[in-house]
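Source file model.txt; content: compact mmCIF, C-alpha atoms.
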```
# COMPACT_ATOMS: atom_id res chain seq x y z
CA PHE A 1 29.33 -10.06 113.34
CA ASP A 2 26.46 -8.77 115.46
CA THR A 3 23.85 -10.54 113.34
CA ALA A 4 25.73 -13.84 113.04
CA ASP A 5 24.81 -16.92 115.03
CA ALA A 6 27.09 -18.05 117.89
CA ILE A 7 28.95 -20.65 115.79
CA THR A 8 29.69 -18.12 113.04
CA GLN A 9 30.81 -15.57 115.63
CA GLN A 10 33.21 -18.11 117.15
CA THR A 11 34.57 -18.96 113.68
CA LEU A 12 35.11 -15.26 112.96
CA LEU A 13 36.92 -14.74 116.26
CA GLU A 14 39.18 -17.77 115.80
CA ALA A 15 40.13 -16.80 112.23
CA ASN A 16 40.98 -13.24 113.15
CA THR A 17 42.69 -13.79 116.50
CA PRO A 18 46.46 -14.14 116.71
CA PHE A 19 47.54 -17.58 117.86
CA GLU A 20 50.42 -19.17 119.71
CA PHE A 21 51.71 -22.74 119.77
CA ILE A 22 54.16 -23.63 122.52
CA PRO A 23 56.47 -26.62 122.02
CA THR A 24 56.50 -29.35 124.66
CA GLN A 25 60.28 -29.05 125.14
CA PRO A 26 62.08 -25.85 126.22
CA THR A 27 63.23 -23.88 123.19
CA GLN A 28 65.45 -20.99 122.21
CA GLN A 29 63.87 -20.48 118.79
CA ALA A 30 60.68 -18.79 117.66
CA VAL A 31 58.87 -18.02 114.46
CA ILE A 32 56.62 -15.02 113.91
CA LEU A 33 53.94 -15.50 111.25
CA ILE A 34 52.70 -12.32 109.53
CA HIS A 35 49.61 -12.33 107.31
CA GLY A 36 49.06 -10.23 104.21
CA LEU A 37 47.00 -7.23 103.23
CA TYR A 38 43.24 -7.78 103.71
CA ASP A 39 44.01 -11.16 105.39
CA SER A 40 44.00 -12.45 108.96
CA PRO A 41 46.19 -14.76 111.07
CA CYS A 42 44.07 -17.68 109.84
CA ILE A 43 45.96 -17.70 106.53
CA MET A 44 49.19 -18.58 108.36
CA GLN A 45 47.81 -21.37 110.59
CA SER A 46 48.80 -24.22 108.28
CA LEU A 47 52.48 -23.32 108.80
CA ALA A 48 52.30 -23.54 112.59
CA PRO A 49 52.49 -27.36 112.95
CA ILE A 50 55.56 -27.50 110.70
CA PHE A 51 57.49 -25.19 113.01
CA LEU A 52 56.05 -26.69 116.18
CA GLU A 53 57.36 -30.12 115.12
CA GLN A 54 60.82 -28.54 114.90
CA ASN A 55 60.51 -27.21 118.47
CA TYR A 56 59.79 -23.58 117.59
CA LEU A 57 57.64 -21.31 119.67
CA VAL A 58 55.08 -20.22 117.06
CA ARG A 59 53.27 -16.89 117.20
CA SER A 60 51.18 -14.93 114.77
CA LEU A 61 49.99 -11.37 114.93
CA LEU A 62 47.07 -9.35 113.66
CA LEU A 63 48.20 -6.33 111.67
CA PRO A 64 46.44 -3.07 112.58
CA GLY A 65 43.39 -2.37 110.46
CA HIS A 66 42.71 -6.09 109.96
CA GLY A 67 40.35 -8.54 111.60
CA THR A 68 37.64 -6.01 112.35
CA CYS A 69 36.03 -4.24 109.39
CA PRO A 70 37.54 -3.06 106.08
CA GLU A 71 36.95 0.58 106.98
CA ASP A 72 39.64 0.24 109.66
CA LEU A 73 42.25 0.30 106.86
CA PHE A 74 41.31 3.87 105.87
CA ASP A 75 43.66 5.55 108.36
CA ILE A 76 46.35 2.89 108.83
CA GLY A 77 49.92 3.50 107.74
CA PHE A 78 52.69 1.03 106.89
CA GLU A 79 54.54 2.22 109.98
CA ASP A 80 51.60 0.94 112.08
CA TRP A 81 52.16 -2.53 110.62
CA LEU A 82 55.90 -2.32 111.31
CA THR A 83 55.21 -1.24 114.89
CA ALA A 84 52.95 -4.27 115.40
CA CYS A 85 55.68 -6.58 114.04
CA ARG A 86 58.29 -4.99 116.29
CA HIS A 87 55.97 -5.36 119.27
CA ALA A 88 55.36 -9.06 118.53
CA ILE A 89 59.12 -9.64 118.42
CA HIS A 90 59.66 -7.63 121.61
CA LEU A 91 57.07 -9.80 123.43
CA LEU A 92 59.02 -13.00 122.78
CA PRO A 93 60.55 -14.55 125.91
CA ALA A 94 64.09 -13.44 126.77
CA THR A 95 65.24 -17.05 126.31
CA ILE A 96 64.65 -16.84 122.54
CA GLU A 97 68.00 -16.61 120.75
CA ARG A 98 66.94 -17.40 117.18
CA ILE A 99 64.01 -15.84 115.33
CA VAL A 100 62.52 -16.74 111.98
CA ILE A 101 59.93 -14.50 110.38
CA ALA A 102 57.52 -15.97 107.86
CA GLY A 103 55.40 -13.46 106.01
CA PHE A 104 52.75 -13.67 103.34
CA SER A 105 52.42 -10.83 100.80
CA THR A 106 52.42 -7.59 102.82
CA GLY A 107 53.62 -9.58 105.85
CA ALA A 108 56.64 -10.62 103.79
CA LEU A 109 57.20 -6.99 102.80
CA ALA A 110 57.21 -5.93 106.46
CA SER A 111 59.60 -8.73 107.39
CA HIS A 112 61.97 -7.74 104.57
CA TYR A 113 61.91 -4.15 105.82
CA LEU A 114 62.80 -5.18 109.37
CA ALA A 115 65.52 -7.56 108.17
CA LEU A 116 67.13 -5.09 105.77
CA ASN A 117 67.21 -2.47 108.50
CA HIS A 118 68.88 -4.92 110.92
CA GLU A 119 66.14 -4.43 113.50
CA ILE A 120 66.18 -8.03 114.75
CA PRO A 121 69.61 -9.13 116.01
CA GLN A 122 68.38 -12.69 116.63
CA LEU A 123 67.04 -13.08 113.07
CA VAL A 124 68.29 -16.31 111.50
CA GLY A 125 65.68 -16.85 108.80
CA LEU A 126 63.24 -15.06 106.57
CA ILE A 127 60.48 -16.91 104.73
CA SER A 128 58.64 -14.90 102.10
CA ILE A 129 55.46 -16.28 100.60
CA ALA A 130 54.26 -14.29 97.58
CA PRO A 131 56.03 -11.16 98.85
CA ALA A 132 54.46 -7.83 97.93
CA LEU A 133 57.82 -6.39 96.93
CA ALA A 134 56.28 -4.41 94.08
CA LEU A 135 52.86 -3.55 92.80
CA HIS A 136 51.85 -3.95 89.19
CA LYS A 137 53.46 -1.17 87.08
CA ILE A 138 50.11 0.49 86.42
CA GLN A 139 49.31 0.56 90.15
CA GLN A 140 52.78 1.94 90.93
CA THR A 141 52.40 4.70 88.38
CA LEU A 142 48.93 5.68 89.55
CA LEU A 143 49.77 5.61 93.25
CA LYS A 144 53.21 7.16 93.08
CA HIS A 145 53.16 9.70 90.28
CA ASN A 146 49.59 10.97 90.00
CA PRO A 147 48.73 13.33 92.87
CA ILE A 148 45.02 13.09 92.16
CA VAL A 149 45.00 9.31 92.41
CA SER A 150 47.32 9.44 95.41
CA PHE A 151 44.62 11.34 97.25
CA ALA A 152 41.79 9.19 95.86
CA LYS A 153 41.77 7.28 99.14
CA TYR A 154 40.17 10.38 100.67
CA LEU A 155 37.63 10.86 97.87
CA SER A 156 36.57 7.28 97.20
CA PRO A 157 38.15 4.88 99.69
CA TRP A 158 37.37 1.61 97.84
CA TYR A 159 38.86 0.20 94.66
CA ALA A 160 36.99 -3.11 94.70
CA ASP A 161 34.13 -4.75 96.51
CA SER A 162 33.50 -8.46 96.26
CA LYS A 163 30.06 -9.82 97.04
CA VAL A 164 31.60 -13.07 98.29
CA PHE A 165 31.74 -13.42 102.08
CA ASP A 166 35.05 -14.64 103.52
CA TYR A 167 35.28 -14.81 107.30
CA ALA A 168 39.11 -14.72 107.26
CA LYS A 169 39.72 -12.03 104.65
CA TYR A 170 38.36 -8.63 103.73
CA THR A 171 36.37 -8.65 100.52
CA GLN A 172 36.19 -4.88 100.26
CA TYR A 173 39.51 -3.39 99.23
CA ALA A 174 40.54 0.00 100.55
CA ILE A 175 42.73 2.16 98.30
CA ASN A 176 44.76 3.10 101.38
CA GLY A 177 45.87 -0.52 101.79
CA ALA A 178 47.46 -0.57 98.33
CA TYR A 179 48.78 2.94 98.89
CA GLN A 180 50.57 1.81 102.07
CA VAL A 181 52.12 -1.15 100.25
CA GLN A 182 53.44 1.26 97.61
```
Would you put the structure from the file into structure tokens?
Amino acid sequence: FDTADAITQQTLLEANTPFEFIPTQPTQQAVILIHGLYDSPCIMQSLAPIFLEQNYLVRSLLLPGHGTCPEDLFDIGFEDWLTACRHAIHLLPATIERIVIAGFSTGALASHYLALNHEIPQLVGLISIAPALALHKIQQTLLKHNPIVSFAKYLSPWYADSKVFDYAKYTQYAINGAYQVQ
């Protein structure tokens, strides 16, 4: 970020900053858009106009450990992501009576967790896009049953590193991210 030109810096900020779209008419309904692991709010922006046209207050959030640098995922826990989701819901205006949560991948997993635990009384809809409801069997076995691999996040924090630059998504993949999904 520090070495990027001003236009690239602005693009980076816009892609990684939570957004809000307010309908022109008063509303009692809102949608919270939750991005996935290694992603940013940018991935959810194409859904915003669809909800806005239906008179929804549209908000996204930035999950902790995202939108900065991949190393920020080293010490993040799934509970941190849930806390951010709860906070985004809590910040909705008191006039909101109906809430829809739309989540992509890990965002869908978090929304399922909140819905199944009845944490959102106003919840009327849940949209799951490619939900991370389970990891591949090999990943599950390695992360869940092998204590050495379970602690690999402390020994070697990366499991992949792409050389492709993507301003809206991490291209280095921290083991802890997958571990938190598990």
query = With all atoms listed in the file as the basis for distance, which of A:Trp81, A:Pro18, A:Ala102, A:Pro49 is at the shortest distance from Leu61 in chain A?
reply = A:Pro18
inquiry  = Rounded to one decimal, what separation in Å do you get between CA of Gly65 in chain A and CA of Asp39 in chain A?
reply    =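 These two atoms are separated by 10.2 Å.
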For Gly77 in chain A, list every protein, DNA or RNA residue within 10 Å, evaluated using all atoms listed in the file, and leave out those in the same chain fewer than 3 positions away; present the list as a PDB file with C-alpha atoms, in the frame of the given file.
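After the write, around36.pdb holds the following:
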```
ATOM      1  CA  PRO A  64      46.440  -3.070 112.580  1.00  0.00           C
ATOM      2  CA  GLY A  65      43.390  -2.370 110.460  1.00  0.00           C
ATOM      3  CA  LEU A  73      42.250   0.300 106.860  1.00  0.00           C
ATOM      4  CA  PHE A  74      41.310   3.870 105.870  1.00  0.00           C
ATOM      5  CA  ASP A  80      51.600   0.940 112.080  1.00  0.00           C
ATOM      6  CA  TRP A  81      52.160  -2.530 110.620  1.00  0.00           C
ATOM      7  CA  LEU A  82      55.900  -2.320 111.310  1.00  0.00           C
ATOM      8  CA  ASN A 176      44.760   3.100 101.380  1.00  0.00           C
ATOM      9  CA  GLY A 177      45.870  -0.520 101.790  1.00  0.00           C
ATOM     10  CA  TYR A 179      48.780   2.940  98.890  1.00  0.00           C
ATOM     11  CA  GLN A 180      50.570   1.810 102.070  1.00  0.00           C
ATOM     12  CA  VAL A 181      52.120  -1.150 100.250  1.00  0.00           C
TER      13      VAL A 181
END
```
query = What gap, in Å, lies between CA of Leu62 in chain A and CA of Glu14 in chain A?
reply =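 Distance between the two atoms: 11.7 Å.
Coordinates place CA of Gly125 in chain A at a distance of 10.7 Å from CA of His112 in chain A.
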Selection as a ChimeraX atom specification: residues within 12 Å of (57.9, -0.7, 109.0), counting all atoms listed in the file = /A:63,77-87,106-119,180-181
query = Using all atoms listed in the file, which residue out of A:Thr24, A:Val31, A:Thr68, A:Ser40 lies closest to Tyr56 in chain A?
reply = A:Val31
Spatial neighbours of Glu20 in chain A, max dist 9 Å, all atoms listed in the file, sep filter under 6 positions, as JSON, numbers by chain = {"A": [48, 57, 58, 59, 60]}
request  = Have a look at A:Gln28, A:Pro41, A:Ile22, A:Thr8 and name the one nearest to Glu53 in chain A; count all atoms listed in the file.
outcome  =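 That would be A:Ile22, the residue with the smallest distance to Glu53 in chain A.
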remark   = For Gln25 in chain A, the closest of A:Leu126, A:Thr11, A:Gln54, A:Asp5 counting all atoms listed in the file is A:Gln54
request  = Find the spatial neighbours of Pro121 in chain A, counting only C-alpha atoms, within a cut-off of 10 Å - ignore same-chain residues fewer than 4 positions away - and output them as a ChimeraX atom specification.
outcome  = /A:97-99,115
inquiry  = Under the rule that all atoms listed in the file are counted, which of A:Leu52, A:Ala132, A:Ile127, A:Ile175 is the nearest residue to Thr27 in chain A?
reply    =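 The answer is A:Leu52, which sits nearest to Thr27 in chain A.
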